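Q: First the structure, then my questions, so here it is.
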Amino acid sequence: MDNNKLKIRLDKLRKEFGDVVAVNDINLDIYEGDFLTLLGPSGCGKTTTLRAISGLEEASGGKIFIDNHLVFSKKDEVFVAPSKRNLGLIFQSYALWPHMTVYENIAFGLKVKKLPSGEVAKKVKAILEDVQLDEYGERYPSELSGGQQQRVAIARMLVNQPQIFLMDEPLSNLDAQLRMEMRSELKQLHTRTKATTIYVTHDQEEAMTLSTRICVMNEGIIRQVGTPEEIYSRPADIFVASFISNPKMNFFIGKVENIKDKTFIEAGGFSIEIPSGIVGARKELRLAVRPEDFYVSDKGVPYTVQTRLPTGRSQIVMVGNQSGASITLLFNTEVNIQADDIIHLSIKQEKYHLFDNDSGKRLN
Amino acid sequence: MGSAGMEVPAVGGSPLLRKWIRNLTMPQRVIGLLLLVLLVFFVIMPAINIVYTSLTFSLSDRRLPQVVDRGLEVVPGEFTTIHLERVFWSKLTKKMFLIPLRNTLIITLGLTALSMLIGSTLAWLVVRTNLPWKRGIANFASIPYIIPSWPIALAWISVFKNTKLGGNPGWFQYIFKVPPPDWISYGPLPIIITLSLHYYAFSFITVSGALASIDSRLEETAELMGASKFRVMRKITLPLVMPALMSAFILTFSKGIGTFGTPAFLGLPVRFFTLSTQVYSNVKNNLPGDAYLLAIVMILISSITIYMNAKVIGARRSFVTISGKGFTAKLVNLRKFRWIVFALVILFILIFVIGPLYILTWQTFMEVDGDYSLRNFTLHYWIGPDGATGRLGQLLGEGQAGILRNSEIWRAAWNSIRLALTVSILAAILGVLLGYAIVRGRGTKLSKSLDSLSFAPYVFPGIAFGAVYLGMFAKRIGPIPALYGTFALLVLVSLAKRLPFSSRTGTAAMLQVDKELEEAGVLVGAGFFRRFMKIIFPLTKSGFMAGILLSFITTMRELSLIVLLVTPSTKVLTTMIFRYTEGGYHQYGDAITMFVVMISLVGTLIIRKAQKTDLSKGIGG
Ligand SMILES: Nc1ncnc2c1ncn2[C@@H]1O[C@H](COP(=O)(O)OP(=O)(O)OP(=O)(O)O)[C@@H](O)[C@H]1O
Ligand SMILES: [Mg+2]
């Protein structure tokens, strides 16, 4: 994958709705062939960002470049019409025209482009075969299942041969099983077409499995951009650490102890030696450990098991101690644990995250 | 993010120019601005004109006693308080303002009370009891709502007119051989009764809706706690339907203020004036300044009630009871009264709903008005030729042919149909465009002004609105020639009066078209016109068609709005009815009335069939 050619650049992009700042001066570069996911909680501005890129929503500030062309600039009053930006969009609702058949839905864009009807028919037929709906051309969208509607939406986008795919939570209306199927179809689609894709979701698992890069947003601000591995193993701040975690991340207030020339963090009964120099003059900081990053060992800190939630493949265990600390753990099923057991916990080597108490930024 | 490789292309030209060009090519802006100009013309200008005319001299003021006595010089267009003085502070005040105001209030309050009583009783019986044949009853009970209000008044005249005021005796006098007293034949009592028999449908519809949405478990809970049936009614049911009652009250009241046809038919013969008939008579007597002041009073009263209505409807939300969908309403068992009540309800429908139509129809077959015997039967008033004579050798209807062979009536019918068609199609188009500009521009000032401006004609009672347009278009304004006496003026005024309805239905239809459906078209480069024809219009079509049919019916039966504006060449069916009845040719008036009634009924049936919904809601306008 050619990861060097810049496809889209957002430069201090901003969008306000009255008093609400939906997108707050974000900078983002998206490269040719990227599958970039905008990930964040509801209302963080994902859809707004996507719509600003498409041109369906006019941003209130900043610039957008596509293929080295300025397509939007507030300052210069440049605004390139959505249809001239060479992109396709799949709406969350699919927005299939209910009064047109599947065939007509897909053919519409081609007719607008005044293609001869023979060619329209050929193209639509080919694309219908691609998405395995060749039998369904004469049906209306309401006569299709959710997954089929989804494929019509994809076909309608593909037939116009856009270079950029935009997708706004395209799977959120499907049931769990279908979602998994469509997820792999989307992945195949990307591998096949290599089209630059911007994908919106608030499902972290979806983001992790599909993306080449993830952009985590919160309250209109980009918190971190990176590969799924980077985001997972080195969350840039407390927000990302807690958002990208399932079950939820364990946070501790950590006390900094300097013994001789070594530095230790004391938290929840654990004592971790950390490289000196990263804590500076801080006396206190935040320690975060993922539920799967604990293990049971005789030398560990004692905790009492409060509840155990088996999921079949693994088990989620909540433990606590007398000083009120509580921890969520994720073990495989082989670890034999009952409620009220006392277990001794240790943190896996290097599997901890340190954050500044005030700014929330990552330290290690 | 290090990609310094992105060169910034140079942007030529002026940003400001680009901004303007783009703003002016956004469809909802362009359409919105054009509509705004139209609305200013339709709504703001008339409002300014009415105030202006009532505060300035016009030529006709030369003959006013106040002017003559004081030797004032009348310069048309010059400011004067003479009309204010005449209406509010002179010897005339009592006759011209106070008495009509009092009469209006008496009639409106009376008809509101009576119609609410009838409407909510019927609603309760139909929704909450085990009355037999409910659907049929509900359908028949909403007929008065579909047909115009004045046929009932005409039927009343047929039954109760007496010979004291001249003319032929009515049904009552024919049977009982004594003339009914004047206060039964004409004046406030018959006006209240006949109007109530039309307006009760408002209460019937709103209260049935409210009653149907009450979960009867709310009442049962109270009963289980030991509350008596009466207490439950007072403490639980009544508060829950209160908002509906309030809004029925205000709706009926504000309609009642402006009603014209019935007070004209039943009031004018005994010189019983309401504000609306007083406006009419002032205009007819060439006293526009005085007429407009009265119109302003009517507009104020109806604005206040509508403002209150908005408040009530706003408060109503808090009353919505949240309950699961499939609750079962427990019906009150009427036990041994079940069939008695049923008989009474059927009697009510036969006498007051079917009865008037039956009498009107009968009347059209009577050779001589007032003779109810069979030998008096004739088809002349429907299909008789010119100059036909009757049994006694008299000329029938002064030699006029029956309505189906009468070229004058055909001309009026053609005018009516032409008017209703033009108005309904234009109103529907205007409605879709308004809906588009309002919904797509949501949040902008333009959208808000369109929304409120298009609602404004609602507060103008029909007769006042007609009077305003009469004044405004009597002379040329700018490029628009004087329109008095033209068909175009009728179209304009009807279209303007339909604005609130058009914009409401247009907005509702547009709200149902998800914005994304249009955006999917934008993305593939479909221009506005194409999106409109291929996406928006097909998706709003059924609402559009229903809107056309509703506007058609409403315009066909419109009287008060255009009664001041028609001239012999533009006369329509309703104004013909008015003239014939005024002139004592009841058979003709009633025959045309039945014709209009049939059109209303058939049209509504078609809408209901096509939409499978209860569309009586939209008709009141
Ligand atoms: N048309 C609009 N008018 C006013 N406010 C809006 C509009 N669209 C979005 N907002 C606001 O902007 C913010 C961001 O909205 P956006 O739809 O981009 O969020 P999102 O990240 O897509 O959320 P979700 O996951 O719920 O789809 C929210 O606070 C939202 O209320
Ligand atoms: Mg969204």
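Every chain in the structure tokens has a letter given in the order shown (A, B, ...), and although residue numbers restart at 1 in each chain, ligands are simply numbered from 1 in the order shown.
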As an MDAnalysis selection string, could you give me every residue of chain A near chain B (at most 6 Å apart, counting only C-alpha atoms)?
A: chainID A and resid 76:77 82:83 95 109 112
Q: Got time to write the residues from that selection, all heavy atoms, as a PDB file, in the first residue's frame?
A:
ATOM      1  N   ASP A  76     -10.956  32.039   1.816  1.00  0.00           N
ATOM      2  CA  ASP A  76     -10.995  32.424   0.406  1.00  0.00           C
ATOM      3  C   ASP A  76     -12.367  32.206  -0.217  1.00  0.00           C
ATOM      4  O   ASP A  76     -12.531  32.387  -1.421  1.00  0.00           O
ATOM      5  CB  ASP A  76      -9.952  31.604  -0.376  1.00  0.00           C
ATOM      6  CG  ASP A  76      -8.571  31.775   0.203  1.00  0.00           C
ATOM      7  OD1 ASP A  76      -8.152  32.928   0.381  1.00  0.00           O
ATOM      8  OD2 ASP A  76      -7.926  30.756   0.524  1.00  0.00           O
ATOM      9  N   GLU A  77     -13.324  31.747   0.609  1.00  0.00           N
ATOM     10  CA  GLU A  77     -14.666  31.448   0.080  1.00  0.00           C
ATOM     11  C   GLU A  77     -14.597  30.480  -1.090  1.00  0.00           C
ATOM     12  O   GLU A  77     -15.263  30.660  -2.106  1.00  0.00           O
ATOM     13  CB  GLU A  77     -15.399  32.726  -0.330  1.00  0.00           C
ATOM     14  CG  GLU A  77     -15.799  33.605   0.851  1.00  0.00           C
ATOM     15  CD  GLU A  77     -16.861  32.947   1.729  1.00  0.00           C
ATOM     16  OE1 GLU A  77     -17.496  31.993   1.267  1.00  0.00           O
ATOM     17  OE2 GLU A  77     -17.028  33.399   2.877  1.00  0.00           O
ATOM     18  N   PRO A  82     -20.094  19.097  -3.881  1.00  0.00           N
ATOM     19  CA  PRO A  82     -19.876  17.711  -3.479  1.00  0.00           C
ATOM     20  C   PRO A  82     -19.638  16.780  -4.668  1.00  0.00           C
ATOM     21  O   PRO A  82     -18.756  15.925  -4.625  1.00  0.00           O
ATOM     22  CB  PRO A  82     -21.170  17.339  -2.768  1.00  0.00           C
ATOM     23  CG  PRO A  82     -21.723  18.611  -2.288  1.00  0.00           C
ATOM     24  CD  PRO A  82     -21.282  19.673  -3.253  1.00  0.00           C
ATOM     25  N   SER A  83     -20.421  16.995  -5.737  1.00  0.00           N
ATOM     26  CA  SER A  83     -20.327  16.054  -6.855  1.00  0.00           C
ATOM     27  C   SER A  83     -19.008  16.206  -7.605  1.00  0.00           C
ATOM     28  O   SER A  83     -18.649  15.346  -8.390  1.00  0.00           O
ATOM     29  CB  SER A  83     -21.496  16.271  -7.813  1.00  0.00           C
ATOM     30  OG  SER A  83     -21.517  17.611  -8.240  1.00  0.00           O
ATOM     31  N   ALA A  95     -30.086   5.889   2.834  1.00  0.00           N
ATOM     32  CA  ALA A  95     -30.703   6.869   1.929  1.00  0.00           C
ATOM     33  C   ALA A  95     -30.975   6.287   0.550  1.00  0.00           C
ATOM     34  O   ALA A  95     -30.736   6.936  -0.457  1.00  0.00           O
ATOM     35  CB  ALA A  95     -29.835   8.127   1.825  1.00  0.00           C
ATOM     36  N   GLY A 109     -27.247   8.020 -10.802  1.00  0.00           N
ATOM     37  CA  GLY A 109     -26.052   8.846 -10.952  1.00  0.00           C
ATOM     38  C   GLY A 109     -25.515   8.806 -12.379  1.00  0.00           C
ATOM     39  O   GLY A 109     -25.060   9.820 -12.916  1.00  0.00           O
ATOM     40  N   VAL A 112     -27.641  10.968 -14.544  1.00  0.00           N
ATOM     41  CA  VAL A 112     -27.314  12.373 -14.345  1.00  0.00           C
ATOM     42  C   VAL A 112     -26.097  12.728 -15.201  1.00  0.00           C
ATOM     43  O   VAL A 112     -26.028  13.795 -15.792  1.00  0.00           O
ATOM     44  CB  VAL A 112     -27.027  12.660 -12.857  1.00  0.00           C
ATOM     45  CG1 VAL A 112     -26.463  14.052 -12.680  1.00  0.00           C
ATOM     46  CG2 VAL A 112     -28.283  12.480 -12.036  1.00  0.00           C
TER      47      VAL A 112
END
Q: Would you list the residues that come within 9 Å of ligand 2? Count only C-alpha atoms and all ligand atoms and give the answer as a list in words.
A: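 Listing the residues within 9 Å of ligand 2 gives Ser42, Gly43, Cys44, Gly45, Lys46, Thr47, Thr48, Leu50, Gln92, Asp168, Glu169, Val200, Thr201 and His202 of chain A.
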Q: Env of Tyr469 of chain B: 7 Å cut, atoms = only C-alpha atoms, seq-sep filter 3 positions within chain, self excluded. Answer as a PyMOL selection string.
A: chain B and resi 46+465-466+472-473+493
Q: What residues of the protein or nucleic acid chains come within 12 Å of ligand 1 when you use only C-alpha atoms and all ligand atoms? Reply as a ChimeraX atom specification.
A: /A:14-24,37-52,56-59,91-93,167-170,172,199-203,216-222 /B:439-444,515
Q: Write out as a PyMOL selection string each polymer residue whose atoms come within 12 Å of Glu135 of chain A, counting only C-alpha atoms; drop sequence neighbours fewer than 4 positions from it.
A: chain A and resi 102-103+125+128-131+139+144+148
Q: Next, dump the selected residues to file, keeping only all heavy atoms, as a PDB file, in the first residue's frame.
A:
ATOM      1  N   VAL A 102     -34.128  -1.079  -7.225  1.00  0.00           N
ATOM      2  CA  VAL A 102     -32.697  -1.210  -7.009  1.00  0.00           C
ATOM      3  C   VAL A 102     -31.945  -0.731  -8.250  1.00  0.00           C
ATOM      4  O   VAL A 102     -31.004   0.058  -8.177  1.00  0.00           O
ATOM      5  CB  VAL A 102     -32.353  -2.678  -6.703  1.00  0.00           C
ATOM      6  CG1 VAL A 102     -30.854  -2.906  -6.779  1.00  0.00           C
ATOM      7  CG2 VAL A 102     -32.894  -3.071  -5.339  1.00  0.00           C
ATOM      8  N   TYR A 103     -32.438  -1.182  -9.401  1.00  0.00           N
ATOM      9  CA  TYR A 103     -31.802  -0.791 -10.652  1.00  0.00           C
ATOM     10  C   TYR A 103     -31.792   0.733 -10.814  1.00  0.00           C
ATOM     11  O   TYR A 103     -30.765   1.336 -11.090  1.00  0.00           O
ATOM     12  CB  TYR A 103     -32.545  -1.450 -11.826  1.00  0.00           C
ATOM     13  CG  TYR A 103     -31.947  -1.126 -13.169  1.00  0.00           C
ATOM     14  CD1 TYR A 103     -31.003  -1.959 -13.736  1.00  0.00           C
ATOM     15  CD2 TYR A 103     -32.316   0.031 -13.848  1.00  0.00           C
ATOM     16  CE1 TYR A 103     -30.436  -1.651 -14.965  1.00  0.00           C
ATOM     17  CE2 TYR A 103     -31.757   0.358 -15.069  1.00  0.00           C
ATOM     18  CZ  TYR A 103     -30.820  -0.478 -15.628  1.00  0.00           C
ATOM     19  OH  TYR A 103     -30.251  -0.176 -16.825  1.00  0.00           O
ATOM     20  N   LYS A 125     -25.623  -3.660 -14.385  1.00  0.00           N
ATOM     21  CA  LYS A 125     -25.662  -5.110 -14.324  1.00  0.00           C
ATOM     22  C   LYS A 125     -24.360  -5.655 -13.720  1.00  0.00           C
ATOM     23  O   LYS A 125     -24.374  -6.518 -12.835  1.00  0.00           O
ATOM     24  CB  LYS A 125     -25.874  -5.669 -15.733  1.00  0.00           C
ATOM     25  CG  LYS A 125     -26.286  -7.117 -15.776  1.00  0.00           C
ATOM     26  CD  LYS A 125     -26.950  -7.431 -17.108  1.00  0.00           C
ATOM     27  CE  LYS A 125     -27.165  -8.930 -17.256  1.00  0.00           C
ATOM     28  NZ  LYS A 125     -25.945  -9.719 -17.253  1.00  0.00           N
ATOM     29  N   LEU A 128     -24.246  -4.969 -10.043  1.00  0.00           N
ATOM     30  CA  LEU A 128     -25.185  -5.816  -9.302  1.00  0.00           C
ATOM     31  C   LEU A 128     -24.598  -7.211  -9.107  1.00  0.00           C
ATOM     32  O   LEU A 128     -24.782  -7.837  -8.071  1.00  0.00           O
ATOM     33  CB  LEU A 128     -26.523  -5.903 -10.040  1.00  0.00           C
ATOM     34  CG  LEU A 128     -27.482  -4.743  -9.785  1.00  0.00           C
ATOM     35  CD1 LEU A 128     -28.711  -4.869 -10.665  1.00  0.00           C
ATOM     36  CD2 LEU A 128     -27.887  -4.708  -8.322  1.00  0.00           C
ATOM     37  N   GLU A 129     -23.887  -7.692 -10.139  1.00  0.00           N
ATOM     38  CA  GLU A 129     -23.237  -8.994 -10.005  1.00  0.00           C
ATOM     39  C   GLU A 129     -22.159  -8.927  -8.931  1.00  0.00           C
ATOM     40  O   GLU A 129     -22.042  -9.815  -8.095  1.00  0.00           O
ATOM     41  CB  GLU A 129     -22.620  -9.407 -11.342  1.00  0.00           C
ATOM     42  CG  GLU A 129     -23.508 -10.347 -12.126  1.00  0.00           C
ATOM     43  CD  GLU A 129     -23.055 -10.452 -13.564  1.00  0.00           C
ATOM     44  OE1 GLU A 129     -21.832 -10.449 -13.806  1.00  0.00           O
ATOM     45  OE2 GLU A 129     -23.935 -10.508 -14.447  1.00  0.00           O
ATOM     46  N   ASP A 130     -21.387  -7.845  -8.964  1.00  0.00           N
ATOM     47  CA  ASP A 130     -20.333  -7.651  -7.969  1.00  0.00           C
ATOM     48  C   ASP A 130     -20.842  -7.803  -6.552  1.00  0.00           C
ATOM     49  O   ASP A 130     -20.180  -8.382  -5.698  1.00  0.00           O
ATOM     50  CB  ASP A 130     -19.742  -6.239  -8.104  1.00  0.00           C
ATOM     51  CG  ASP A 130     -18.533  -6.245  -9.011  1.00  0.00           C
ATOM     52  OD1 ASP A 130     -18.223  -7.318  -9.556  1.00  0.00           O
ATOM     53  OD2 ASP A 130     -17.908  -5.177  -9.151  1.00  0.00           O
ATOM     54  N   VAL A 131     -22.017  -7.218  -6.281  1.00  0.00           N
ATOM     55  CA  VAL A 131     -22.521  -7.265  -4.910  1.00  0.00           C
ATOM     56  C   VAL A 131     -23.530  -8.400  -4.734  1.00  0.00           C
ATOM     57  O   VAL A 131     -24.278  -8.431  -3.759  1.00  0.00           O
ATOM     58  CB  VAL A 131     -23.158  -5.924  -4.479  1.00  0.00           C
ATOM     59  CG1 VAL A 131     -22.115  -4.838  -4.435  1.00  0.00           C
ATOM     60  CG2 VAL A 131     -24.299  -5.553  -5.401  1.00  0.00           C
ATOM     61  N   ARG A 139     -36.548  -5.079  -7.700  1.00  0.00           N
ATOM     62  CA  ARG A 139     -37.200  -4.907  -6.396  1.00  0.00           C
ATOM     63  C   ARG A 139     -37.066  -3.474  -5.896  1.00  0.00           C
ATOM     64  O   ARG A 139     -36.185  -2.740  -6.299  1.00  0.00           O
ATOM     65  CB  ARG A 139     -36.534  -5.826  -5.382  1.00  0.00           C
ATOM     66  CG  ARG A 139     -36.744  -7.284  -5.707  1.00  0.00           C
ATOM     67  CD  ARG A 139     -37.237  -8.007  -4.500  1.00  0.00           C
ATOM     68  NE  ARG A 139     -37.100  -9.436  -4.693  1.00  0.00           N
ATOM     69  CZ  ARG A 139     -36.980 -10.274  -3.685  1.00  0.00           C
ATOM     70  NH1 ARG A 139     -36.942  -9.810  -2.437  1.00  0.00           N
ATOM     71  NH2 ARG A 139     -36.888 -11.562  -3.909  1.00  0.00           N
ATOM     72  N   LEU A 144     -36.156  -5.573   0.434  1.00  0.00           N
ATOM     73  CA  LEU A 144     -34.864  -6.223   0.652  1.00  0.00           C
ATOM     74  C   LEU A 144     -34.558  -6.304   2.145  1.00  0.00           C
ATOM     75  O   LEU A 144     -35.070  -5.519   2.935  1.00  0.00           O
ATOM     76  CB  LEU A 144     -33.747  -5.416  -0.023  1.00  0.00           C
ATOM     77  CG  LEU A 144     -33.836  -5.242  -1.537  1.00  0.00           C
ATOM     78  CD1 LEU A 144     -32.688  -4.374  -2.019  1.00  0.00           C
ATOM     79  CD2 LEU A 144     -33.826  -6.579  -2.240  1.00  0.00           C
ATOM     80  N   GLN A 148     -28.996  -6.684   2.339  1.00  0.00           N
ATOM     81  CA  GLN A 148     -29.117  -6.431   0.900  1.00  0.00           C
ATOM     82  C   GLN A 148     -29.208  -4.937   0.609  1.00  0.00           C
ATOM     83  O   GLN A 148     -28.611  -4.445  -0.343  1.00  0.00           O
ATOM     84  CB  GLN A 148     -30.343  -7.160   0.349  1.00  0.00           C
ATOM     85  CG  GLN A 148     -30.146  -8.663   0.295  1.00  0.00           C
ATOM     86  CD  GLN A 148     -31.442  -9.400   0.051  1.00  0.00           C
ATOM     87  OE1 GLN A 148     -32.523  -8.914   0.394  1.00  0.00           O
ATOM     88  NE2 GLN A 148     -31.351 -10.590  -0.522  1.00  0.00           N
TER      89      GLN A 148
END
Q: Env of Met116 of chain B: 7 Å cut, atoms = only C-alpha atoms, seq-sep filter 4 positions within chain, self excluded. Answer as a list in words.
A: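 In the requested format, the answer is Thr112, Ser120, Tyr200 and Ser203 of chain B.
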Q: Can you pull out every residue within 10 Å of Met510 of chain B, counting only C-alpha atoms, but drop anything in the same chain fewer than 5 positions away, and send it as a count of residues only?
A: 18
Q: Can you list every residue in segment 130-315 of chain A that DSSP puts in strand (DSSP E), as number ranges by chain?
A: A: 164-168, 196-201, 213-218, 221-226, 250-259, 262-267, 270-274, 284-289, 294-310, 314-315
Q: For Pro180 of chain B, work out the shell of residues within 7 Å, counting only C-alpha atoms and skipping chain neighbours fewer than 6 positions away, then give it as a ChimeraX atom specification.
A: /B:160,162,173
Q: Rounded to one decimal, what separation in Å do you get between atom CA of Glu408 of chain B and atom CA of Ile599 of chain B?
A: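 Those two atoms sit 19.2 Å apart.
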Q: Any idea what the distance is between atom CA of Thr304 of chain A and atom CA of Glu273 of chain A?
A: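 According to the coordinates, atom CA of Thr304 of chain A and atom CA of Glu273 of chain A are separated by 24.6 Å.
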Q: Give the helix (DSSP H, G or I) residues of segment 208-379 of chain B, as assigned by DSSP on the backbone, as an NGL selection string.
A: :B and (208-212 or 216-224 or 229-258 or 261-270 or 275-284 or 288-319 or 335-364 or 374-376)
Q: One decimal, in Å: what's the spacing between atom CA of Ala467 of chain B and atom CA of Val563 of chain B?
A: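 Between these atoms lies a distance of 9.3 Å.
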Q: Using only C-alpha atoms, can you tell me which of B:Leu499, B:Ala482, B:Phe260, B:Ala212 comes closest to Thr237 of chain B?
A: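 The shortest atom-to-atom distance to Thr237 of chain B comes from B:Ala212.
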Q: Given only C-alpha atoms as the basis, pick out the residue of B:Ala388, B:Ala420, B:Ile250, B:Ala474 nearest to Ile304 of chain B.
A: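 Using only C-alpha atoms, the shortest distance to Ile304 of chain B belongs to B:Ile250.
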